[in-house]
>>> print(open('start_0.cif').read())   # mmCIF, C-alpha atoms and all ligand atoms
data_data
#
loop_
_atom_site.label_atom_id
_atom_site.label_comp_id
_atom_site.auth_asym_id
_atom_site.auth_seq_id
_atom_site.Cartn_x
_atom_site.Cartn_y
_atom_site.Cartn_z
CA MET J 1 -8.27 -2.88 -37.58
CA PHE J 2 -6.10 -2.09 -34.58
CA GLN J 3 -5.80 -4.62 -31.79
CA VAL J 4 -6.15 -4.12 -28.08
CA ASN J 5 -3.81 -5.47 -25.42
CA ASP J 6 -5.29 -8.97 -25.00
CA ASN J 7 -4.00 -9.14 -21.44
CA PHE J 8 -6.61 -6.61 -20.35
CA THR J 9 -9.39 -8.83 -21.64
CA MET J 10 -8.26 -11.59 -19.30
CA LEU J 11 -8.77 -9.49 -16.18
CA PRO J 12 -11.96 -9.64 -14.13
CA SER J 13 -14.09 -6.83 -15.52
CA SER J 14 -13.66 -4.47 -12.59
CA TYR J 15 -11.03 -3.63 -10.03
CA LEU J 16 -11.87 -4.87 -6.49
CA PHE J 17 -12.62 -1.47 -4.96
CA SER J 18 -14.62 -0.35 -8.00
CA GLU J 19 -16.79 -3.44 -7.60
CA VAL J 20 -17.32 -2.74 -3.89
CA ALA J 21 -18.20 0.89 -4.71
CA ARG J 22 -20.66 -0.24 -7.41
CA ARG J 23 -22.47 -2.57 -5.00
CA VAL J 24 -22.61 0.06 -2.26
CA LYS J 25 -23.98 2.66 -4.69
CA ALA J 26 -26.71 0.26 -5.81
CA TYR J 27 -27.59 -0.44 -2.19
CA THR J 28 -27.70 3.21 -1.08
CA GLU J 29 -29.81 4.17 -4.09
CA ALA J 30 -32.29 1.43 -3.23
CA HIS J 31 -32.19 2.29 0.51
CA PRO J 32 -31.63 6.04 0.81
CA GLU J 33 -32.70 5.93 4.49
CA ALA J 34 -29.88 3.53 5.49
CA GLU J 35 -27.08 5.12 7.47
CA VAL J 36 -24.19 3.32 5.80
CA ILE J 37 -20.80 3.21 7.57
CA ARG J 38 -17.91 2.83 5.14
CA MET J 39 -15.03 0.68 6.31
CA GLY J 40 -14.19 -0.71 2.89
CA ILE J 41 -11.50 1.05 0.86
CA GLY J 42 -8.69 2.41 3.01
CA ASP J 43 -9.62 6.04 2.55
CA VAL J 44 -8.95 8.47 5.37
CA THR J 45 -11.49 10.73 7.08
CA ARG J 46 -9.33 13.09 9.17
CA PRO J 47 -8.50 16.39 7.47
CA LEU J 48 -4.96 17.36 6.50
CA CYS J 49 -3.03 18.56 9.53
CA PRO J 50 -2.57 22.34 10.13
CA ALA J 51 1.15 22.28 9.23
CA VAL J 52 0.30 20.91 5.79
CA ILE J 53 -2.60 23.32 5.27
CA ASP J 54 -0.36 26.31 6.09
CA ALA J 55 2.29 25.08 3.67
CA LEU J 56 -0.30 24.51 0.95
CA HIS J 57 -1.64 28.06 1.36
CA LYS J 58 1.87 29.47 1.08
CA ALA J 59 2.55 27.36 -1.98
CA VAL J 60 -0.66 28.62 -3.62
CA ASP J 61 0.58 32.17 -3.01
CA ASP J 62 3.92 31.23 -4.61
CA GLU J 63 2.09 30.07 -7.70
CA GLY J 64 0.27 33.41 -7.90
CA CYS J 65 3.44 35.45 -7.89
CA ALA J 66 5.73 35.78 -10.93
CA GLU J 67 8.95 35.58 -8.88
CA ARG J 68 7.96 32.44 -7.00
CA PHE J 69 5.89 30.69 -9.66
CA HIS J 70 6.78 27.05 -10.41
CA GLY J 71 5.98 25.32 -13.68
CA TYR J 72 7.38 21.91 -14.52
CA GLY J 73 9.43 20.63 -11.63
CA PRO J 74 12.10 17.93 -11.50
CA GLU J 75 10.38 14.65 -12.42
CA GLN J 76 11.94 12.85 -9.46
CA GLY J 77 10.84 15.49 -6.93
CA TYR J 78 12.03 18.84 -5.61
CA ASP J 79 15.27 18.84 -3.61
CA PHE J 80 13.51 20.57 -0.71
CA LEU J 81 11.31 17.48 -0.22
CA VAL J 82 13.77 14.75 -1.23
CA SER J 83 16.36 15.99 1.27
CA LYS J 84 13.76 15.89 4.08
CA ILE J 85 12.65 12.39 3.13
CA VAL J 86 16.23 11.16 3.26
CA GLU J 87 16.90 12.90 6.56
CA TYR J 88 13.72 12.03 8.48
CA ASP J 89 12.62 8.69 7.00
CA TYR J 90 16.06 7.13 6.66
CA ARG J 91 19.14 8.84 8.16
CA ARG J 92 17.50 9.52 11.51
CA ARG J 93 16.79 5.80 11.70
CA GLY J 94 20.39 5.01 10.80
CA ILE J 95 19.42 3.80 7.32
CA ASP J 96 21.62 4.48 4.34
CA VAL J 97 19.61 6.08 1.50
CA SER J 98 20.79 9.02 -0.59
CA GLU J 99 18.95 11.77 -2.43
CA ASP J 100 19.54 10.37 -5.91
CA GLU J 101 17.87 7.11 -4.89
CA VAL J 102 14.51 8.73 -4.03
CA PHE J 103 11.84 9.28 -6.69
CA VAL J 104 8.80 11.31 -5.63
CA SER J 105 5.59 10.38 -7.42
CA ASP J 106 1.82 10.70 -7.28
CA GLY J 107 1.51 7.67 -5.03
CA ALA J 108 2.55 4.13 -4.23
CA LYS J 109 -0.31 2.63 -6.22
CA SER J 110 1.05 4.13 -9.44
CA ASP J 111 4.62 3.16 -8.62
CA THR J 112 3.91 -0.43 -7.62
CA GLY J 113 1.95 -0.73 -10.86
CA ASN J 114 4.45 1.08 -13.08
CA ILE J 115 7.61 -0.59 -11.80
CA GLY J 116 6.91 -3.49 -14.15
CA ASP J 117 7.83 -1.19 -17.07
CA ILE J 118 11.52 -1.67 -16.29
CA LEU J 119 11.28 -5.45 -15.77
CA SER J 120 11.22 -8.15 -18.42
CA THR J 121 7.85 -9.73 -19.13
CA ALA J 122 9.66 -13.07 -18.86
CA ASN J 123 10.13 -12.68 -15.10
CA ARG J 124 8.25 -15.06 -12.85
CA VAL J 125 6.38 -13.30 -10.08
CA ALA J 126 5.52 -14.33 -6.52
CA VAL J 127 2.99 -12.67 -4.23
CA THR J 128 1.57 -13.33 -0.80
CA ASP J 129 -2.05 -14.44 -0.82
CA PRO J 130 -4.21 -12.47 0.07
CA VAL J 131 -2.53 -9.49 -1.57
CA TYR J 132 -3.11 -5.87 -2.63
CA PRO J 133 -4.71 -6.54 -6.04
CA VAL J 134 -2.60 -3.96 -7.90
CA TYR J 135 0.44 -6.26 -7.86
CA VAL J 136 -1.38 -9.11 -9.56
CA ASP J 137 -3.57 -7.07 -11.92
CA THR J 138 -0.66 -5.02 -13.28
CA ASN J 139 1.29 -8.21 -13.97
CA VAL J 140 -1.72 -9.57 -15.84
CA MET J 141 -1.76 -6.37 -17.90
CA ALA J 142 1.93 -6.82 -18.70
CA GLY J 143 1.47 -10.45 -19.76
CA ARG J 144 3.44 -11.99 -16.91
CA ALA J 145 0.58 -13.80 -15.20
CA GLY J 146 -0.34 -16.60 -17.62
CA MET J 147 -3.93 -17.87 -17.53
CA LEU J 148 -6.52 -17.53 -14.79
CA ARG J 149 -7.13 -21.00 -13.37
CA LYS J 150 -10.37 -22.28 -11.90
CA ASP J 151 -8.98 -21.91 -8.38
CA GLY J 152 -8.67 -18.14 -8.92
CA ARG J 153 -4.88 -18.23 -9.29
CA TRP J 154 -2.91 -17.12 -12.33
CA SER J 155 -0.86 -19.94 -13.80
CA ASN J 156 2.49 -18.06 -13.91
CA ILE J 157 2.23 -16.39 -10.51
CA GLU J 158 3.43 -18.13 -7.39
CA TYR J 159 1.18 -17.57 -4.37
CA GLN J 160 2.38 -17.74 -0.75
CA PRO J 161 -0.74 -18.27 1.38
CA CYS J 162 -1.10 -16.26 4.58
CA THR J 163 -3.90 -17.67 6.71
CA ALA J 164 -4.61 -18.51 10.33
CA GLU J 165 -2.94 -21.90 9.69
CA ASN J 166 0.49 -20.32 9.28
CA ASN J 167 -0.19 -17.40 11.58
CA PHE J 168 -0.31 -15.18 8.47
CA ILE J 169 3.44 -15.63 7.90
CA PRO J 170 4.24 -16.50 4.28
CA SER J 171 6.74 -19.27 3.51
CA LEU J 172 9.58 -18.66 1.13
CA PRO J 173 8.67 -19.52 -2.47
CA ALA J 174 9.53 -22.97 -3.81
CA GLY J 175 9.41 -22.03 -7.50
CA LYS J 176 12.42 -19.64 -7.66
CA PRO J 177 10.52 -16.51 -8.73
CA ASP J 178 12.45 -13.54 -10.16
CA VAL J 179 10.28 -10.82 -8.65
CA ILE J 180 8.65 -10.96 -5.21
CA TYR J 181 6.11 -8.49 -3.82
CA LEU J 182 5.86 -8.00 -0.07
CA CYS J 183 3.72 -5.40 1.71
CA TYR J 184 4.40 -4.90 5.43
CA PRO J 185 2.58 -3.88 7.56
CA ASN J 186 0.38 -5.97 5.38
CA ASN J 187 -2.53 -4.90 3.28
CA PRO J 188 -5.02 -6.56 3.66
CA THR J 189 -4.36 -8.66 6.79
CA GLY J 190 -2.90 -5.89 8.96
CA THR J 191 -0.19 -8.31 10.17
CA THR J 192 3.55 -7.61 10.31
CA LEU J 193 6.81 -9.51 9.84
CA THR J 194 9.61 -9.26 12.36
CA ARG J 195 13.16 -8.35 11.48
CA GLU J 196 14.11 -12.06 11.51
CA GLU J 197 11.29 -12.95 9.11
CA LEU J 198 12.14 -10.13 6.71
CA LYS J 199 15.78 -11.14 6.79
CA LYS J 200 14.83 -14.55 5.41
CA TRP J 201 13.28 -12.85 2.37
CA VAL J 202 16.25 -10.57 1.79
CA ASP J 203 18.64 -13.52 2.10
CA TYR J 204 16.49 -15.54 -0.27
CA CYS J 205 16.57 -12.75 -2.87
CA ARG J 206 20.34 -12.37 -2.53
CA LYS J 207 20.86 -16.09 -2.92
CA HIS J 208 18.55 -16.53 -5.92
CA GLY J 209 19.05 -13.21 -7.70
CA ALA J 210 15.43 -12.18 -7.14
CA LEU J 211 14.11 -8.63 -6.89
CA LEU J 212 12.12 -7.71 -3.77
CA LEU J 213 9.41 -5.09 -4.31
CA PHE J 214 8.70 -3.93 -0.79
CA ASP J 215 5.56 -1.85 -0.24
CA ALA J 216 5.91 0.10 3.01
CA ALA J 217 2.82 2.27 2.53
CA TYR J 218 1.68 1.59 6.12
CA GLU J 219 5.04 2.11 7.82
CA ALA J 220 3.79 5.07 9.89
CA PHE J 221 1.39 2.77 11.75
CA ILE J 222 4.18 0.63 13.22
CA ARG J 223 4.22 0.85 17.01
CA GLU J 224 5.98 -2.37 18.00
CA GLU J 225 9.74 -2.58 18.45
CA ASN J 226 10.75 -5.58 16.40
CA VAL J 227 8.93 -4.46 13.24
CA PRO J 228 11.25 -2.80 10.72
CA HIS J 229 10.07 0.51 9.24
CA SER J 230 12.10 0.05 6.09
CA ILE J 231 13.39 -3.00 4.26
CA TYR J 232 16.79 -1.28 4.23
CA GLU J 233 17.06 -1.95 7.96
CA ILE J 234 17.86 -5.49 6.86
CA GLU J 235 21.46 -6.17 5.90
CA GLY J 236 21.94 -6.64 2.17
CA ALA J 237 18.52 -5.25 1.22
CA ARG J 238 20.06 -2.45 -0.84
CA GLU J 239 21.31 -5.08 -3.30
CA VAL J 240 17.89 -6.62 -3.85
CA ALA J 241 15.00 -4.35 -2.84
CA ILE J 242 12.99 -1.42 -4.10
CA GLU J 243 10.88 0.29 -1.42
CA PHE J 244 7.58 2.10 -1.99
CA ARG J 245 6.28 4.70 0.44
CA SER J 246 3.05 6.69 0.51
CA PHE J 247 1.79 9.89 2.12
CA SER J 248 -1.82 8.72 1.67
CA LYS J 249 -2.51 6.98 4.95
CA THR J 250 0.44 8.58 6.75
CA ALA J 251 -0.68 12.15 6.23
CA GLY J 252 -4.15 12.02 4.68
CA PHE J 253 -2.93 12.56 1.10
CA THR J 254 -5.33 10.04 -0.50
CA GLY J 255 -7.02 12.94 -2.31
CA ILE J 256 -4.06 15.16 -3.08
CA ARG J 257 -1.73 12.26 -3.98
CA LEU J 258 1.94 11.80 -3.16
CA GLY J 259 4.35 8.95 -2.58
CA TYR J 260 7.91 8.00 -3.33
CA THR J 261 10.02 5.05 -4.36
CA VAL J 262 13.59 4.23 -3.36
CA VAL J 263 15.80 2.48 -5.91
CA PRO J 264 19.29 1.92 -4.45
CA ARG J 265 22.26 2.36 -6.76
CA GLU J 266 23.63 -1.12 -5.94
CA LEU J 267 20.50 -2.83 -7.21
CA LYS J 268 21.22 -4.60 -10.49
CA GLY J 269 19.37 -7.01 -12.77
CA LYS J 270 20.49 -8.74 -15.97
CA ASP J 271 19.70 -7.84 -19.56
CA SER J 272 18.88 -10.62 -22.01
CA ASP J 273 22.59 -10.97 -22.84
CA GLY J 274 23.40 -11.60 -19.19
CA ASN J 275 25.02 -8.19 -18.54
CA ASP J 276 24.44 -6.38 -15.25
CA VAL J 277 22.08 -3.41 -15.48
CA ALA J 278 21.46 -0.94 -12.64
CA LEU J 279 17.77 -0.30 -11.96
CA ASN J 280 18.17 3.25 -10.62
CA PRO J 281 18.93 4.83 -14.04
CA LEU J 282 16.23 2.72 -15.69
CA TRP J 283 13.59 3.97 -13.27
CA ARG J 284 14.86 7.53 -13.68
CA ARG J 285 14.54 7.12 -17.46
CA ARG J 286 11.05 5.71 -17.06
CA GLN J 287 9.90 8.48 -14.76
CA THR J 288 11.42 11.36 -16.72
CA THR J 289 9.76 10.03 -19.87
CA LYS J 290 6.31 9.07 -18.62
CA PHE J 291 5.82 11.29 -15.56
CA ASN J 292 6.09 15.06 -15.24
CA GLY J 293 6.53 15.20 -11.50
CA ALA J 294 4.14 15.56 -8.57
CA SER J 295 2.74 19.07 -8.15
CA TYR J 296 4.75 21.81 -6.46
CA LEU J 297 1.82 22.43 -4.12
CA THR J 298 1.63 18.85 -2.91
CA GLN J 299 5.37 18.59 -2.40
CA ARG J 300 5.38 21.79 -0.34
CA GLY J 301 2.54 20.31 1.70
CA ALA J 302 4.55 17.14 2.32
CA GLU J 303 7.68 19.10 3.20
CA ALA J 304 5.78 20.57 6.16
CA LEU J 305 5.34 17.07 7.59
CA TYR J 306 9.08 16.95 8.16
CA THR J 307 9.10 19.52 10.94
CA GLU J 308 8.65 18.96 14.65
CA GLU J 309 5.12 20.33 14.44
CA GLY J 310 4.25 18.34 11.33
CA GLN J 311 5.58 15.09 12.82
CA ARG J 312 3.61 15.62 16.02
CA GLN J 313 0.38 16.43 14.20
CA VAL J 314 0.61 13.51 11.87
CA ARG J 315 1.37 11.11 14.71
CA GLU J 316 -1.76 12.34 16.48
CA THR J 317 -3.85 11.49 13.44
CA ILE J 318 -2.33 8.04 13.09
CA ASP J 319 -2.84 7.43 16.81
CA TYR J 320 -6.49 8.33 16.32
CA TYR J 321 -6.84 5.64 13.64
CA LEU J 322 -4.90 3.14 15.73
CA GLU J 323 -7.27 3.80 18.63
CA ASN J 324 -10.14 3.10 16.22
CA ALA J 325 -8.40 -0.14 15.35
CA ALA J 326 -8.16 -1.03 19.06
CA VAL J 327 -11.89 -0.31 19.47
CA MET J 328 -12.55 -2.60 16.53
CA ARG J 329 -10.35 -5.42 17.79
CA LYS J 330 -12.01 -5.32 21.20
CA GLY J 331 -15.54 -4.96 19.80
CA LEU J 332 -15.05 -7.80 17.35
CA THR J 333 -13.35 -10.12 19.83
CA ASP J 334 -16.04 -9.46 22.46
CA ALA J 335 -18.67 -10.23 19.84
CA GLY J 336 -17.00 -13.58 19.17
CA TYR J 337 -15.18 -12.82 15.93
CA GLU J 338 -11.65 -14.04 15.30
CA CYS J 339 -9.48 -11.23 14.01
CA VAL J 340 -5.87 -10.15 13.46
CA GLY J 341 -4.18 -6.89 12.51
CA GLY J 342 -5.03 -3.44 13.81
CA VAL J 343 -1.96 -3.15 16.07
CA ASN J 344 0.65 -1.78 13.66
CA SER J 345 -1.90 -1.26 10.92
CA PRO J 346 -5.20 0.42 10.10
CA TYR J 347 -6.64 -2.89 8.84
CA VAL J 348 -8.42 -5.55 10.86
CA TRP J 349 -8.79 -8.94 9.19
CA ILE J 350 -11.73 -10.98 10.36
CA LYS J 351 -12.64 -14.63 9.93
CA THR J 352 -16.16 -14.69 8.53
CA PRO J 353 -18.62 -16.36 10.90
CA ASP J 354 -20.57 -19.56 10.31
CA GLY J 355 -18.57 -20.56 7.24
CA MET J 356 -19.94 -17.66 5.19
CA THR J 357 -18.02 -16.79 2.05
CA SER J 358 -16.41 -13.35 1.97
CA TRP J 359 -19.03 -11.95 -0.43
CA GLU J 360 -21.89 -13.50 1.57
CA PHE J 361 -20.57 -11.73 4.65
CA PHE J 362 -20.22 -8.50 2.64
CA ASP J 363 -23.92 -8.69 1.67
CA PHE J 364 -24.94 -9.68 5.17
CA LEU J 365 -23.13 -6.75 6.83
CA LEU J 366 -24.35 -4.26 4.26
CA ASN J 367 -27.97 -5.39 4.30
CA LYS J 368 -28.38 -6.06 7.99
CA TYR J 369 -26.00 -3.58 9.67
CA HIS J 370 -25.31 -1.08 6.87
CA ILE J 371 -21.57 -1.58 7.24
CA VAL J 372 -19.26 -1.71 4.23
CA GLY J 373 -16.08 -3.77 4.34
CA THR J 374 -13.96 -5.52 1.74
CA PRO J 375 -14.41 -9.23 1.02
CA GLY J 376 -11.20 -11.12 1.68
CA SER J 377 -11.56 -13.21 -1.47
CA GLY J 378 -11.16 -10.01 -3.51
CA PHE J 379 -7.52 -10.01 -2.36
CA GLY J 380 -6.85 -13.56 -3.54
CA PRO J 381 -8.04 -17.14 -3.08
CA SER J 382 -6.54 -17.48 0.40
CA GLY J 383 -8.62 -14.47 1.47
CA GLU J 384 -11.80 -16.53 1.05
CA GLY J 385 -13.59 -16.80 4.36
CA TYR J 386 -12.04 -13.55 5.58
CA PHE J 387 -13.15 -9.93 5.57
CA ARG J 388 -11.28 -6.63 5.93
CA LEU J 389 -12.46 -3.59 7.89
CA THR J 390 -10.54 -0.32 8.01
CA ALA J 391 -9.95 1.92 11.01
CA PHE J 392 -10.10 5.06 8.86
CA ASN J 393 -13.63 6.09 9.73
CA THR J 394 -14.46 8.51 12.52
CA ARG J 395 -14.41 7.35 16.15
CA GLU J 396 -18.14 7.84 16.38
CA ASN J 397 -18.84 5.66 13.33
CA THR J 398 -16.30 3.06 14.42
CA VAL J 399 -17.98 2.71 17.82
CA LYS J 400 -21.40 2.63 16.15
CA ALA J 401 -20.30 -0.05 13.69
CA MET J 402 -18.94 -2.22 16.48
CA SER J 403 -22.12 -1.95 18.53
CA ARG J 404 -24.15 -2.90 15.45
CA MET J 405 -21.92 -5.94 14.90
CA ALA J 406 -22.08 -6.94 18.57
CA ASP J 407 -25.85 -6.92 18.29
C1 LIG K 501 -6.95 -0.24 0.19
O1 LIG K 501 -8.06 -0.04 0.67
O2 LIG K 501 -6.46 -1.36 0.08
C2 LIG K 501 -6.17 0.93 -0.27
O3 LIG K 501 -6.77 2.10 0.13
C3 LIG K 501 -6.10 0.96 -1.71
C4 LIG K 501 -5.02 1.86 -2.18
O4 LIG K 501 -4.22 2.37 -1.41
O5 LIG K 501 -4.97 2.01 -3.39
#
>>> encode(input="start_0.cif", output="structure tokens", more="lines below")
Ligand code: MLT
Amino acid sequence: MFQVNDNFTMLPSSYLFSEVARRVKAYTEAHPEAEVIRMGIGDVTRPLCPAVIDALHKAVDDEGCAERFHGYGPEQGYDFLVSKIVEYDYRRRGIDVSEDEVFVSDGAKSDTGNIGDILSTANRVAVTDPVYPVYVDTNVMAGRAGMLRKDGRWSNIEYQPCTAENNFIPSLPAGKPDVIYLCYPNNPTGTTLTREELKKWVDYCRKHGALLLFDAAYEAFIREENVPHSIYEIEGAREVAIEFRSFSKTAGFTGIRLGYTVVPRELKGKDSDGNDVALNPLWRRRQTTKFNGASYLTQRGAEALYTEEGQRQVRETIDYYLENAAVMRKGLTDAGYECVGGVNSPYVWIKTPDGMTSWEFFDFLLNKYHIVGTPGSGFGPSGEGYFRLTAFNTRENTVKAMSRMAD
């Protein structure tokens, strides 16, 4: 009889957001009259901007015409998009990234999960806590996590708590991990790290030969000066860091899917004989073998973001969500909640009131106010006693949710 991958059997039976969706479905089926406001998973509500829609229509016409039809594309992305990414997201900010270091994909979730394919299962991993669950769960799947302990931590993963006690700033790891995940602006807390803080992590990785997996999916929400948009703004980061970017929250691509990953040519690890191995060709080999490229249509859509019109439109949408976040911060603070985030991020991270656990607060908000959020404990043990709300709903629903919570 064939055997399954045992690692999967060690995981909690469902992924965090699937569990939230299951509970909300059960509730809405039992209470069809309830007007439920969803501020749980970070899914956007604003439509794609006109520049993208125009480009998508044109691309559909291309696909209907023999001369302009596109079948399989380059696995790492079309030149027309990659060159714009390099120009707008990096060179215009004075950051050194070249075209052959960019790999377009169907999203940052896939890439942050798949990157483990090119890393040894012997690597020790460190994450911040709370953390986007994909980083931990995919390492469990790969066999890097060890055993799940009673305190909710995996025995081979090092956790760097981020709570009100340390102002949500993680300390450097003590256990000399080989691979470190950072996500800034942070999911789930909505907090940021300054240039000086990020420099400590880059320096640490250079000193200890660790790889930094930097998830910059929320970069477009940064509005404050001293918050880097890319890890490559930090000196030496090209030697140690891979950066993940997403068009999901930036441009409303959660449904049509697109992201990209930057793997600098200087970045090298060791093979089991101690020889240097560059990661860029390994990731290229992985992608060309397991991925057939993001669709031509989607890439044409994204290309349109890199125009004056596209940039303006997309900024307007992000500003809309950031204004929602400001409404939430004010509403929650006025109602007596302690919260952080929501300034350079679409997430607001709330301390649960009256010592409620995260899931107790989830049930309370859903049952009493018909508001869906995400329990902080779902993001890791240090998320217990916290709760995440997203600013991705409409203004009307955001205002309504806040007035229900102020009640
Ligand atoms: C979240 O809510 O944390 C994100 O939407 C999940 C994701 O991007 O996969």
>>> closest_residue(input="start_0.cif", among="J:Pro47, J:Gly336, J:Gly113, J:Gly236", to="ligand LIG 501 (chain K)", atoms="all atoms listed in the file")
J:Gly113
>>> residues_around(input="start_0.cif", residues="region 259-275 of chain J", least_positions_apart="4", cutoff="10 Å", atoms="only C-alpha atoms", output="PyMOL selection string")
chain J and resi 76-77+82+85-86+96-112+115+119-120+178+209-211+214-217+232+236-248+253-254+279-284+294+299+302
>>> residues_near_point(input="start_0.cif", point="(-13.6, -6.3, 13.6)", cutoff="7 Å", atoms="all atoms listed in the file", output="PyMOL selection string")
chain J and resi 328-329+331-332+339+348+350+389
>>> residues_around(input="start_0.cif", residues="Gly73 (chain J)", least_positions_apart="6", cutoff="8 Å", atoms="all atoms listed in the file", output="ChimeraX atom specification")
/J:292-296
>>> atom_distance(input="start_0.cif", atom1="atom C4 of ligand LIG 501 (chain K)", atom2="CA of Tyr132 (chain J)")
8.0 Å
>>> closest_residue(input="start_0.cif", among="J:Met402, J:Ala304, J:Ala391, J:Phe69", to="Tyr337 (chain J)", atoms="all atoms listed in the file")
J:Met402
>>> residues_near_ligand(input="start_0.cif", ligand="ligand LIG 501 (chain K)", cutoff="7 Å", atoms="all atoms listed in the file", output="JSON, numbers by chain")
{"J": [40, 41, 42, 43, 109, 132, 187, 188]}
>>> closest_residue(input="start_0.cif", among="J:Thr317, J:Phe387, J:Glu196, J:Gly310", to="Glu233 (chain J)", atoms="only C-alpha atoms")
J:Glu196
>>> residues_near_point(input="start_0.cif", point="(-20.1, -1.4, 5.2)", cutoff="9 Å", atoms="all atoms listed in the file", output="ChimeraX atom specification")
/J:24,36-40,362-363,365-367,369-374,389,401
>>> residues_around(input="start_0.cif", residues="Ala220 (chain J)", least_positions_apart="3", cutoff="12 Å", atoms="all atoms listed in the file", output="tab-separated table (two decimals) with C-alpha atoms, in the frame of the given file")
chain	number	residue	atom	x	y	z
J	89	ASP	CA	12.62	8.69	7.00
J	184	TYR	CA	4.40	-4.90	5.43
J	185	PRO	CA	2.58	-3.88	7.56
J	216	ALA	CA	5.91	0.10	3.01
J	217	ALA	CA	2.82	2.27	2.53
J	223	ARG	CA	4.22	0.85	17.01
J	224	GLU	CA	5.98	-2.37	18.00
J	227	VAL	CA	8.93	-4.46	13.24
J	228	PRO	CA	11.25	-2.80	10.72
J	229	HIS	CA	10.07	0.51	9.24
J	230	SER	CA	12.10	0.05	6.09
J	245	ARG	CA	6.28	4.70	0.44
J	246	SER	CA	3.05	6.69	0.51
J	247	PHE	CA	1.79	9.89	2.12
J	248	SER	CA	-1.82	8.72	1.67
J	249	LYS	CA	-2.51	6.98	4.95
J	250	THR	CA	0.44	8.58	6.75
J	251	ALA	CA	-0.68	12.15	6.23
J	252	GLY	CA	-4.15	12.02	4.68
J	311	GLN	CA	5.58	15.09	12.82
J	314	VAL	CA	0.61	13.51	11.87
J	315	ARG	CA	1.37	11.11	14.71
J	316	GLU	CA	-1.76	12.34	16.48
J	317	THR	CA	-3.85	11.49	13.44
J	318	ILE	CA	-2.33	8.04	13.09
J	319	ASP	CA	-2.84	7.43	16.81
J	321	TYR	CA	-6.84	5.64	13.64
J	322	LEU	CA	-4.90	3.14	15.73
J	343	VAL	CA	-1.96	-3.15	16.07
J	344	ASN	CA	0.65	-1.78	13.66
J	345	SER	CA	-1.90	-1.26	10.92
J	346	PRO	CA	-5.20	0.42	10.10
>>> closest_atom_pairs(input="start_0.cif", of="region 336-370 of chain J", to="region 155-174 of chain J", cutoff="12 Å", atoms="all atoms listed in the file", output="tab-separated table")
residue	atom	partner	partner_atom	distance
J:Glu338	CA	J:Ala164	CA	9.7
J:Cys339	CA	J:Ala164	CA	9.5
J:Val340	CA	J:Phe168	CA	9.0
J:Gly341	CA	J:Phe168	CA	10.0
J:Trp349	CA	J:Thr163	CA	10.3
J:Ile350	CA	J:Ala164	CA	10.4
J:Lys351	CA	J:Ala164	CA	8.9
>>> closest_residue(input="start_0.cif", among="J:Ala326, J:Thr333, J:Leu16, J:Cys183", to="Tyr218 (chain J)", atoms="all atoms listed in the file")
J:Cys183
>>> atom_distance(input="start_0.cif", atom1="CA of Asp334 (chain J)", atom2="CA of Phe364 (chain J)")
19.4 Å
>>> atom_distance(input="start_0.cif", atom1="CA of Gly342 (chain J)", atom2="CA of Ala325 (chain J)")
5.0 Å
>>> residues_around(input="start_0.cif", residues="Tyr386 (chain J)", least_positions_apart="6", cutoff="9 Å", atoms="all atoms listed in the file", output="list in words")
Trp349, Ile350, Lys351, Thr352, Pro353, Met356, Thr357, Ser358, Phe361, Pro375, Gly376 and Ser377 of chain J
>>> closest_residue(input="start_0.cif", among="J:Thr128, J:Asn397, J:Asn7, J:Thr307", to="Glu35 (chain J)", atoms="all atoms listed in the file")
J:Asn397
>>> closest_residue(input="start_0.cif", among="J:Ser403, J:Thr398, J:Thr138, J:Thr298", to="Lys58 (chain J)", atoms="all atoms listed in the file")
J:Thr298
>>> residues_around(input="start_0.cif", residues="Ile180 (chain J)", least_positions_apart="4", cutoff="7 Å", atoms="only C-alpha atoms", output="VMD selection string")
chain J and resid 125 to 127 211 to 213
